[in-house]
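**Student:** Compact mmCIF, N, CA and C atoms, saved as start.txt, coming up:
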# COMPACT_ATOMS: atom_id res chain seq x y z
N MET A 1 24.69 -39.91 35.14
CA MET A 1 24.06 -39.95 33.84
C MET A 1 22.81 -39.07 33.88
N ASP A 2 22.65 -38.21 32.87
CA ASP A 2 21.49 -37.35 32.79
C ASP A 2 20.28 -38.13 32.31
N ALA A 3 19.14 -37.76 32.86
CA ALA A 3 17.89 -38.38 32.43
C ALA A 3 17.55 -37.88 31.03
N PRO A 4 16.93 -38.71 30.21
CA PRO A 4 16.56 -38.25 28.87
C PRO A 4 15.57 -37.10 28.96
N GLU A 5 15.69 -36.16 28.04
CA GLU A 5 14.80 -35.00 28.03
C GLU A 5 13.38 -35.45 27.68
N ARG A 6 12.44 -34.97 28.47
CA ARG A 6 11.03 -35.30 28.24
C ARG A 6 10.51 -34.49 27.06
N PRO A 7 9.81 -35.12 26.13
CA PRO A 7 9.25 -34.38 24.99
C PRO A 7 8.27 -33.31 25.48
N ALA A 8 8.21 -32.22 24.77
CA ALA A 8 7.30 -31.13 25.13
C ALA A 8 5.86 -31.59 24.96
N ARG A 9 5.01 -31.15 25.84
CA ARG A 9 3.58 -31.41 25.71
C ARG A 9 3.00 -30.35 24.79
N ARG A 10 2.16 -30.75 23.87
CA ARG A 10 1.56 -29.84 22.90
C ARG A 10 0.05 -29.81 23.07
N ALA A 11 -0.53 -28.68 22.74
CA ALA A 11 -2.00 -28.59 22.68
C ALA A 11 -2.36 -27.72 21.49
N ILE A 12 -3.35 -28.17 20.76
CA ILE A 12 -3.84 -27.45 19.60
C ILE A 12 -5.36 -27.40 19.72
N ALA A 13 -5.92 -26.21 19.62
CA ALA A 13 -7.38 -26.05 19.64
C ALA A 13 -7.86 -25.77 18.23
N LEU A 14 -8.95 -26.40 17.86
CA LEU A 14 -9.54 -26.22 16.54
C LEU A 14 -10.87 -25.50 16.66
N GLU A 15 -11.15 -24.65 15.70
CA GLU A 15 -12.43 -23.96 15.64
C GLU A 15 -13.05 -24.25 14.28
N TYR A 16 -14.34 -24.58 14.29
CA TYR A 16 -15.03 -24.91 13.04
C TYR A 16 -16.40 -24.28 13.05
N ASP A 17 -16.65 -23.40 12.07
CA ASP A 17 -17.93 -22.70 12.01
C ASP A 17 -18.89 -23.29 10.99
N GLY A 18 -18.47 -24.30 10.25
CA GLY A 18 -19.32 -24.94 9.26
C GLY A 18 -19.29 -24.25 7.90
N ALA A 19 -18.73 -23.04 7.84
CA ALA A 19 -18.68 -22.30 6.58
C ALA A 19 -17.39 -22.54 5.80
N SER A 20 -16.34 -22.89 6.51
CA SER A 20 -15.05 -23.14 5.87
C SER A 20 -14.33 -24.23 6.64
N ALA A 21 -13.12 -24.53 6.24
CA ALA A 21 -12.35 -25.59 6.90
C ALA A 21 -12.05 -25.20 8.35
N PRO A 22 -11.91 -26.19 9.22
CA PRO A 22 -11.52 -25.89 10.61
C PRO A 22 -10.20 -25.12 10.64
N ARG A 23 -10.06 -24.26 11.64
CA ARG A 23 -8.87 -23.42 11.79
C ARG A 23 -8.19 -23.71 13.13
N ILE A 24 -6.90 -23.41 13.18
CA ILE A 24 -6.15 -23.48 14.43
C ILE A 24 -6.51 -22.23 15.24
N SER A 25 -7.16 -22.41 16.38
CA SER A 25 -7.56 -21.26 17.20
C SER A 25 -6.63 -21.04 18.38
N ALA A 26 -5.82 -22.04 18.72
CA ALA A 26 -4.80 -21.90 19.77
C ALA A 26 -3.81 -23.02 19.60
N LEU A 27 -2.55 -22.74 19.90
CA LEU A 27 -1.55 -23.79 19.92
C LEU A 27 -0.43 -23.38 20.85
N GLY A 28 0.16 -24.37 21.48
CA GLY A 28 1.25 -24.08 22.40
C GLY A 28 1.93 -25.33 22.88
N ARG A 29 3.04 -25.11 23.58
CA ARG A 29 3.84 -26.19 24.15
C ARG A 29 4.00 -25.96 25.64
N ASP A 30 4.22 -27.04 26.35
CA ASP A 30 4.50 -27.03 27.79
C ASP A 30 3.51 -26.17 28.57
N ALA A 31 3.95 -25.06 29.18
CA ALA A 31 3.07 -24.26 30.04
C ALA A 31 1.88 -23.70 29.27
N VAL A 32 2.11 -23.24 28.03
CA VAL A 32 1.01 -22.73 27.21
C VAL A 32 0.04 -23.86 26.88
N ALA A 33 0.57 -25.03 26.58
CA ALA A 33 -0.29 -26.19 26.31
C ALA A 33 -1.15 -26.53 27.52
N GLN A 34 -0.55 -26.50 28.70
CA GLN A 34 -1.31 -26.78 29.92
C GLN A 34 -2.43 -25.76 30.11
N GLU A 35 -2.17 -24.51 29.78
CA GLU A 35 -3.18 -23.46 29.90
C GLU A 35 -4.32 -23.67 28.90
N ILE A 36 -3.98 -24.05 27.67
CA ILE A 36 -5.01 -24.34 26.66
C ILE A 36 -5.90 -25.49 27.14
N ILE A 37 -5.27 -26.53 27.65
CA ILE A 37 -6.02 -27.70 28.14
C ILE A 37 -6.90 -27.32 29.33
N ALA A 38 -6.35 -26.52 30.25
CA ALA A 38 -7.13 -26.09 31.42
C ALA A 38 -8.33 -25.26 31.00
N LEU A 39 -8.15 -24.36 30.05
CA LEU A 39 -9.28 -23.55 29.57
C LEU A 39 -10.33 -24.41 28.88
N ALA A 40 -9.88 -25.39 28.11
CA ALA A 40 -10.82 -26.29 27.44
C ALA A 40 -11.65 -27.05 28.48
N ARG A 41 -10.99 -27.58 29.49
CA ARG A 41 -11.71 -28.30 30.55
C ARG A 41 -12.68 -27.38 31.27
N GLU A 42 -12.23 -26.17 31.58
CA GLU A 42 -13.07 -25.20 32.29
C GLU A 42 -14.35 -24.89 31.52
N HIS A 43 -14.26 -24.89 30.19
CA HIS A 43 -15.41 -24.55 29.36
C HIS A 43 -16.12 -25.76 28.78
N GLY A 44 -15.76 -26.96 29.25
CA GLY A 44 -16.44 -28.17 28.80
C GLY A 44 -16.15 -28.56 27.37
N VAL A 45 -15.02 -28.13 26.84
CA VAL A 45 -14.65 -28.49 25.47
C VAL A 45 -14.05 -29.89 25.49
N PRO A 46 -14.54 -30.79 24.66
CA PRO A 46 -14.00 -32.15 24.63
C PRO A 46 -12.52 -32.15 24.26
N LEU A 47 -11.77 -33.04 24.90
CA LEU A 47 -10.34 -33.19 24.64
C LEU A 47 -10.08 -34.56 24.03
N LEU A 48 -9.13 -34.60 23.13
CA LEU A 48 -8.73 -35.85 22.52
C LEU A 48 -7.21 -35.85 22.45
N GLU A 49 -6.59 -36.93 22.88
CA GLU A 49 -5.14 -37.03 22.83
C GLU A 49 -4.73 -37.85 21.63
N ASN A 50 -3.91 -37.25 20.76
CA ASN A 50 -3.44 -37.90 19.55
C ASN A 50 -2.11 -37.26 19.16
N ALA A 51 -1.00 -37.88 19.57
CA ALA A 51 0.34 -37.31 19.38
C ALA A 51 0.67 -37.09 17.90
N GLU A 52 0.32 -38.04 17.06
CA GLU A 52 0.64 -37.92 15.64
C GLU A 52 -0.08 -36.73 15.01
N LEU A 53 -1.37 -36.61 15.25
CA LEU A 53 -2.14 -35.51 14.69
C LEU A 53 -1.68 -34.18 15.28
N ALA A 54 -1.40 -34.15 16.58
CA ALA A 54 -0.91 -32.92 17.20
C ALA A 54 0.39 -32.47 16.56
N GLY A 55 1.27 -33.42 16.25
CA GLY A 55 2.52 -33.09 15.59
C GLY A 55 2.31 -32.46 14.22
N LEU A 56 1.34 -32.99 13.47
CA LEU A 56 1.04 -32.44 12.15
C LEU A 56 0.42 -31.06 12.26
N LEU A 57 -0.55 -30.91 13.17
CA LEU A 57 -1.22 -29.62 13.33
C LEU A 57 -0.29 -28.56 13.90
N ALA A 58 0.68 -28.96 14.71
CA ALA A 58 1.62 -28.01 15.31
C ALA A 58 2.51 -27.35 14.26
N GLN A 59 2.57 -27.90 13.06
CA GLN A 59 3.36 -27.29 11.98
C GLN A 59 2.64 -26.10 11.36
N LEU A 60 1.35 -25.94 11.68
CA LEU A 60 0.56 -24.83 11.15
C LEU A 60 0.69 -23.61 12.07
N ASP A 61 0.25 -22.48 11.57
CA ASP A 61 0.27 -21.25 12.35
C ASP A 61 -1.13 -20.94 12.87
N LEU A 62 -1.18 -20.12 13.90
CA LEU A 62 -2.45 -19.68 14.47
C LEU A 62 -3.31 -19.05 13.38
N GLY A 63 -4.56 -19.49 13.28
CA GLY A 63 -5.48 -18.97 12.29
C GLY A 63 -5.49 -19.72 10.97
N ASP A 64 -4.50 -20.61 10.76
CA ASP A 64 -4.45 -21.39 9.52
C ASP A 64 -5.60 -22.38 9.45
N GLU A 65 -6.13 -22.56 8.24
CA GLU A 65 -7.08 -23.65 8.02
C GLU A 65 -6.30 -24.95 7.98
N ILE A 66 -6.94 -26.03 8.44
CA ILE A 66 -6.26 -27.32 8.36
C ILE A 66 -6.14 -27.71 6.89
N PRO A 67 -5.08 -28.43 6.54
CA PRO A 67 -4.93 -28.85 5.14
C PRO A 67 -5.97 -29.90 4.76
N GLU A 68 -6.29 -29.92 3.49
CA GLU A 68 -7.30 -30.85 2.98
C GLU A 68 -6.96 -32.30 3.31
N THR A 69 -5.68 -32.62 3.38
CA THR A 69 -5.26 -34.00 3.67
C THR A 69 -5.69 -34.44 5.07
N LEU A 70 -6.02 -33.51 5.96
CA LEU A 70 -6.43 -33.86 7.32
C LEU A 70 -7.94 -33.73 7.54
N TYR A 71 -8.69 -33.38 6.49
CA TYR A 71 -10.14 -33.19 6.64
C TYR A 71 -10.84 -34.39 7.27
N ARG A 72 -10.58 -35.57 6.75
CA ARG A 72 -11.29 -36.76 7.23
C ARG A 72 -10.99 -37.01 8.71
N CYS A 73 -9.75 -36.91 9.07
CA CYS A 73 -9.35 -37.13 10.47
C CYS A 73 -10.01 -36.11 11.40
N VAL A 74 -9.96 -34.84 11.01
CA VAL A 74 -10.55 -33.79 11.84
C VAL A 74 -12.07 -33.91 11.85
N ALA A 75 -12.68 -34.32 10.75
CA ALA A 75 -14.13 -34.52 10.72
C ALA A 75 -14.54 -35.60 11.73
N GLN A 76 -13.73 -36.63 11.86
CA GLN A 76 -14.03 -37.68 12.84
C GLN A 76 -13.94 -37.13 14.26
N ILE A 77 -13.00 -36.23 14.50
CA ILE A 77 -12.87 -35.62 15.82
C ILE A 77 -14.08 -34.74 16.12
N ILE A 78 -14.52 -33.97 15.12
CA ILE A 78 -15.70 -33.12 15.31
C ILE A 78 -16.93 -33.99 15.57
N ALA A 79 -17.07 -35.10 14.84
CA ALA A 79 -18.18 -36.02 15.08
C ALA A 79 -18.10 -36.61 16.48
N PHE A 80 -16.90 -36.97 16.91
CA PHE A 80 -16.68 -37.49 18.27
C PHE A 80 -17.14 -36.47 19.31
N ALA A 81 -16.75 -35.21 19.11
CA ALA A 81 -17.15 -34.16 20.05
C ALA A 81 -18.68 -34.00 20.07
N TYR A 82 -19.31 -34.10 18.93
CA TYR A 82 -20.77 -34.04 18.86
C TYR A 82 -21.40 -35.16 19.67
N ARG A 83 -20.90 -36.38 19.46
CA ARG A 83 -21.48 -37.52 20.18
C ARG A 83 -21.28 -37.38 21.68
N LEU A 84 -20.11 -36.88 22.09
CA LEU A 84 -19.87 -36.69 23.53
C LEU A 84 -20.89 -35.74 24.15
N ARG A 85 -21.29 -34.77 23.37
CA ARG A 85 -22.26 -33.77 23.86
C ARG A 85 -23.70 -34.20 23.63
N GLY A 86 -23.89 -35.37 23.01
CA GLY A 86 -25.25 -35.86 22.76
C GLY A 86 -25.97 -35.06 21.70
N ARG A 87 -25.23 -34.46 20.79
CA ARG A 87 -25.82 -33.63 19.74
C ARG A 87 -25.78 -34.36 18.41
N PHE A 88 -26.79 -34.08 17.59
CA PHE A 88 -26.89 -34.69 16.28
C PHE A 88 -27.32 -33.64 15.28
N PRO A 89 -27.06 -33.85 13.99
CA PRO A 89 -27.54 -32.91 12.97
C PRO A 89 -29.05 -32.77 13.02
N ARG A 90 -29.55 -31.60 12.66
CA ARG A 90 -30.99 -31.33 12.72
C ARG A 90 -31.81 -32.31 11.90
N ASP A 91 -31.32 -32.69 10.73
CA ASP A 91 -32.10 -33.55 9.84
C ASP A 91 -31.82 -35.04 10.02
N TRP A 92 -31.07 -35.40 11.05
CA TRP A 92 -30.72 -36.80 11.26
C TRP A 92 -31.77 -37.49 12.12
N THR A 93 -32.10 -38.74 11.73
CA THR A 93 -33.00 -39.55 12.55
C THR A 93 -32.32 -40.88 12.82
N ALA A 94 -32.64 -41.46 13.94
CA ALA A 94 -32.04 -42.74 14.33
C ALA A 94 -32.45 -43.82 13.34
N PRO A 95 -31.57 -44.77 13.07
CA PRO A 95 -31.92 -45.86 12.16
C PRO A 95 -32.99 -46.75 12.79
N ASP A 96 -33.75 -47.43 11.95
CA ASP A 96 -34.80 -48.33 12.42
C ASP A 96 -34.27 -49.73 12.66
N SER A 97 -32.96 -49.87 12.83
CA SER A 97 -32.35 -51.19 12.96
C SER A 97 -32.59 -51.82 14.32
N GLY A 98 -33.21 -51.07 15.24
CA GLY A 98 -33.43 -51.62 16.56
C GLY A 98 -32.25 -51.40 17.49
N ALA A 99 -31.18 -50.82 16.98
CA ALA A 99 -29.99 -50.60 17.79
C ALA A 99 -30.14 -49.39 18.70
N GLY A 100 -31.13 -48.55 18.44
CA GLY A 100 -31.36 -47.39 19.29
C GLY A 100 -30.77 -46.13 18.71
N ALA A 101 -31.25 -45.02 19.24
CA ALA A 101 -30.80 -43.71 18.78
C ALA A 101 -29.30 -43.56 18.97
N GLY A 102 -28.68 -42.98 17.97
CA GLY A 102 -27.25 -42.71 18.06
C GLY A 102 -26.36 -43.89 17.77
N ALA A 103 -26.93 -45.03 17.39
CA ALA A 103 -26.12 -46.21 17.17
C ALA A 103 -25.27 -46.10 15.91
N THR A 104 -25.78 -45.39 14.92
CA THR A 104 -25.05 -45.22 13.67
C THR A 104 -24.84 -43.74 13.42
N ALA A 105 -23.60 -43.34 13.19
CA ALA A 105 -23.31 -41.93 12.93
C ALA A 105 -23.77 -41.56 11.53
N PRO A 106 -24.32 -40.37 11.36
CA PRO A 106 -24.70 -39.92 10.03
C PRO A 106 -23.45 -39.69 9.17
N ALA A 107 -23.63 -39.66 7.87
CA ALA A 107 -22.50 -39.49 6.96
C ALA A 107 -21.84 -38.13 7.12
N ALA A 108 -22.62 -37.10 7.43
CA ALA A 108 -22.04 -35.76 7.58
C ALA A 108 -22.55 -35.13 8.86
N TRP A 109 -21.67 -34.52 9.60
CA TRP A 109 -22.01 -33.86 10.85
C TRP A 109 -21.83 -32.36 10.68
N PRO A 110 -22.76 -31.54 11.16
CA PRO A 110 -22.56 -30.09 11.07
C PRO A 110 -21.51 -29.63 12.09
N ALA A 111 -21.16 -28.39 11.99
CA ALA A 111 -20.07 -27.83 12.78
C ALA A 111 -20.43 -27.63 14.24
N LEU A 112 -19.43 -27.76 15.07
CA LEU A 112 -19.49 -27.32 16.44
C LEU A 112 -18.89 -25.93 16.49
N PRO A 113 -19.31 -25.08 17.40
CA PRO A 113 -18.66 -23.78 17.51
C PRO A 113 -17.17 -23.94 17.77
N SER A 114 -16.78 -24.93 18.53
CA SER A 114 -15.37 -25.20 18.77
C SER A 114 -15.19 -26.70 18.75
N ALA A 115 -14.27 -27.17 17.97
CA ALA A 115 -14.05 -28.59 17.85
C ALA A 115 -13.26 -29.13 19.02
N GLY A 116 -12.68 -28.27 19.81
CA GLY A 116 -12.00 -28.71 21.02
C GLY A 116 -10.50 -28.65 20.93
N ALA A 117 -9.91 -28.96 22.03
CA ALA A 117 -8.45 -28.93 22.11
C ALA A 117 -7.89 -30.27 21.71
N GLN A 118 -6.82 -30.22 21.03
CA GLN A 118 -6.12 -31.43 20.62
C GLN A 118 -4.83 -31.45 21.41
N SER A 119 -4.73 -32.36 22.35
CA SER A 119 -3.53 -32.37 23.16
C SER A 119 -2.81 -33.69 22.97
N ALA A 120 -1.50 -33.61 23.12
CA ALA A 120 -0.72 -34.83 22.96
C ALA A 120 0.67 -34.65 23.50
N GLU A 121 1.28 -35.73 23.83
CA GLU A 121 2.70 -35.76 24.14
C GLU A 121 3.37 -36.53 23.02
N PRO A 122 4.24 -35.85 22.26
CA PRO A 122 4.86 -36.55 21.13
C PRO A 122 5.77 -37.67 21.59
Kindly return the structure encoded in the file as structure tokens.
**Tutor:**
Amino acid sequence: MDAPERPARRAIALEYDGASAPRISALGRDAVAQEIIALAREHGVPLLENAELAGLLAQLDLGDEIPETLYRCVAQIIAFAYRLRGRFPRDWTAPDSGAGAGATAPAAWPALPSAGAQSAEP
């Protein structure tokens, strides 16, 4: 009996300059996906694994802006990448709730030069 075929590993890199919607800056499967992930790690780009989102983004072409229906989801990923790097918007101040700096995310986060690689196994 043959073993079931393993789903292809996907990687999608997003780029966001703050002037327009995030764009697909790299995408690939299997060996290309591994290379995208390796380059992201080498350059300290945050990685997030999300098979469902990767499947949706993989339907786009290189250079495409993400569709408006995915803005909220991708904005949360960009905010996550910001928090991982300990970065905050210039005009943001920590709440006085006593919870400490960074306890509450601001409503809007400015752009990262690169939002990072989105990798997943469907």
**Student:** When you look at Glu68 of chain A with a cut-off of 12 Å (counting only C-alpha atoms), what residues show up, excluding the ones that are within fewer than 6 positions of it in the same chain? I need them as a short mmCIF file (atom, residue, chain, number, x, y, z; two decimals) with N, CA and C atoms, keeping the file's coordinate frame.
**Tutor:**
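Below is the file that was written, out_10.cif:
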data_model
loop_
_atom_site.label_atom_id
_atom_site.label_comp_id
_atom_site.auth_asym_id
_atom_site.auth_seq_id
_atom_site.Cartn_x
_atom_site.Cartn_y
_atom_site.Cartn_z
N SER A 20 -16.34 -22.89 6.51
CA SER A 20 -15.05 -23.14 5.87
C SER A 20 -14.33 -24.23 6.64
N ALA A 21 -13.12 -24.53 6.24
CA ALA A 21 -12.35 -25.59 6.90
C ALA A 21 -12.05 -25.20 8.35
N PRO A 22 -11.91 -26.19 9.22
CA PRO A 22 -11.52 -25.89 10.61
C PRO A 22 -10.20 -25.12 10.64
N ARG A 23 -10.06 -24.26 11.64
CA ARG A 23 -8.87 -23.42 11.79
C ARG A 23 -8.19 -23.71 13.13
N VAL A 74 -9.96 -34.84 11.01
CA VAL A 74 -10.55 -33.79 11.84
C VAL A 74 -12.07 -33.91 11.85
N ALA A 75 -12.68 -34.32 10.75
CA ALA A 75 -14.13 -34.52 10.72
C ALA A 75 -14.54 -35.60 11.73
#
**Student:** Which polymer residues have any atom within 6 Å of an atom of Ser25 of chain A, counting all atoms listed in the file, with same-chain residues fewer than 4 positions away left out, as a PDB file with N, CA and C atoms, in the frame of the given file?
**Tutor:**
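Output saved as around-v4.pdb:
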ATOM      1  N   ALA A  13      -5.920 -26.210  19.620  1.00  0.00           N
ATOM      2  CA  ALA A  13      -7.380 -26.050  19.640  1.00  0.00           C
ATOM      3  C   ALA A  13      -7.860 -25.770  18.230  1.00  0.00           C
ATOM      4  N   LEU A  14      -8.950 -26.400  17.860  1.00  0.00           N
ATOM      5  CA  LEU A  14      -9.540 -26.220  16.540  1.00  0.00           C
ATOM      6  C   LEU A  14     -10.870 -25.500  16.660  1.00  0.00           C
ATOM      7  N   GLU A  15     -11.150 -24.650  15.700  1.00  0.00           N
ATOM      8  CA  GLU A  15     -12.430 -23.960  15.640  1.00  0.00           C
ATOM      9  C   GLU A  15     -13.050 -24.250  14.280  1.00  0.00           C
ATOM     10  N   LEU A  62      -1.180 -20.120  13.900  1.00  0.00           N
ATOM     11  CA  LEU A  62      -2.450 -19.680  14.470  1.00  0.00           C
ATOM     12  C   LEU A  62      -3.310 -19.050  13.380  1.00  0.00           C
ATOM     13  N   GLY A  63      -4.560 -19.490  13.280  1.00  0.00           N
ATOM     14  CA  GLY A  63      -5.480 -18.970  12.290  1.00  0.00           C
ATOM     15  C   GLY A  63      -5.490 -19.720  10.970  1.00  0.00           C
TER      16      GLY A  63
END
**Student:** Just to confirm, what's the straight-line distance from atom C of Glu49 of chain A to atom CA of Arg85 of chain A in Å (one decimal)?
**Tutor:**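 Atom-to-atom, atom C of Glu49 of chain A and atom CA of Arg85 of chain A are spaced 18.1 Å apart.
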**Student:** Please compute the atom N of Gly55 of chain A-atom C of Ala81 of chain A distance, one decimal, in Å.
**Tutor:**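 Atom-to-atom, atom N of Gly55 of chain A to atom C of Ala81 of chain A, that is 20.3 Å.
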**Student:** What's the separation between atom CA of Leu84 of chain A and atom CA of Ala26 of chain A, in Å to one decimal place?
**Tutor:** 21.4 Å
**Student:** List every protein, DNA or RNA residue with an atom no more than 8 Å from (-4.4, -29.1, 23.1) in the file's coordinates, counting all atoms listed in the file, and format the result as a list in words.
**Tutor:**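 Taken together, the residues in range are Arg9, Arg10, Ala11, Ile12, Ala13, Leu14, Ala26, Leu27, Gly28, Val32, Ala33, Gln34, Glu35, Ile36, Ile37, Ala38, Leu47, Leu48, Glu49, Ala54, Gly116, Ala117, Gln118, Ser119 and Ala120 of chain A.
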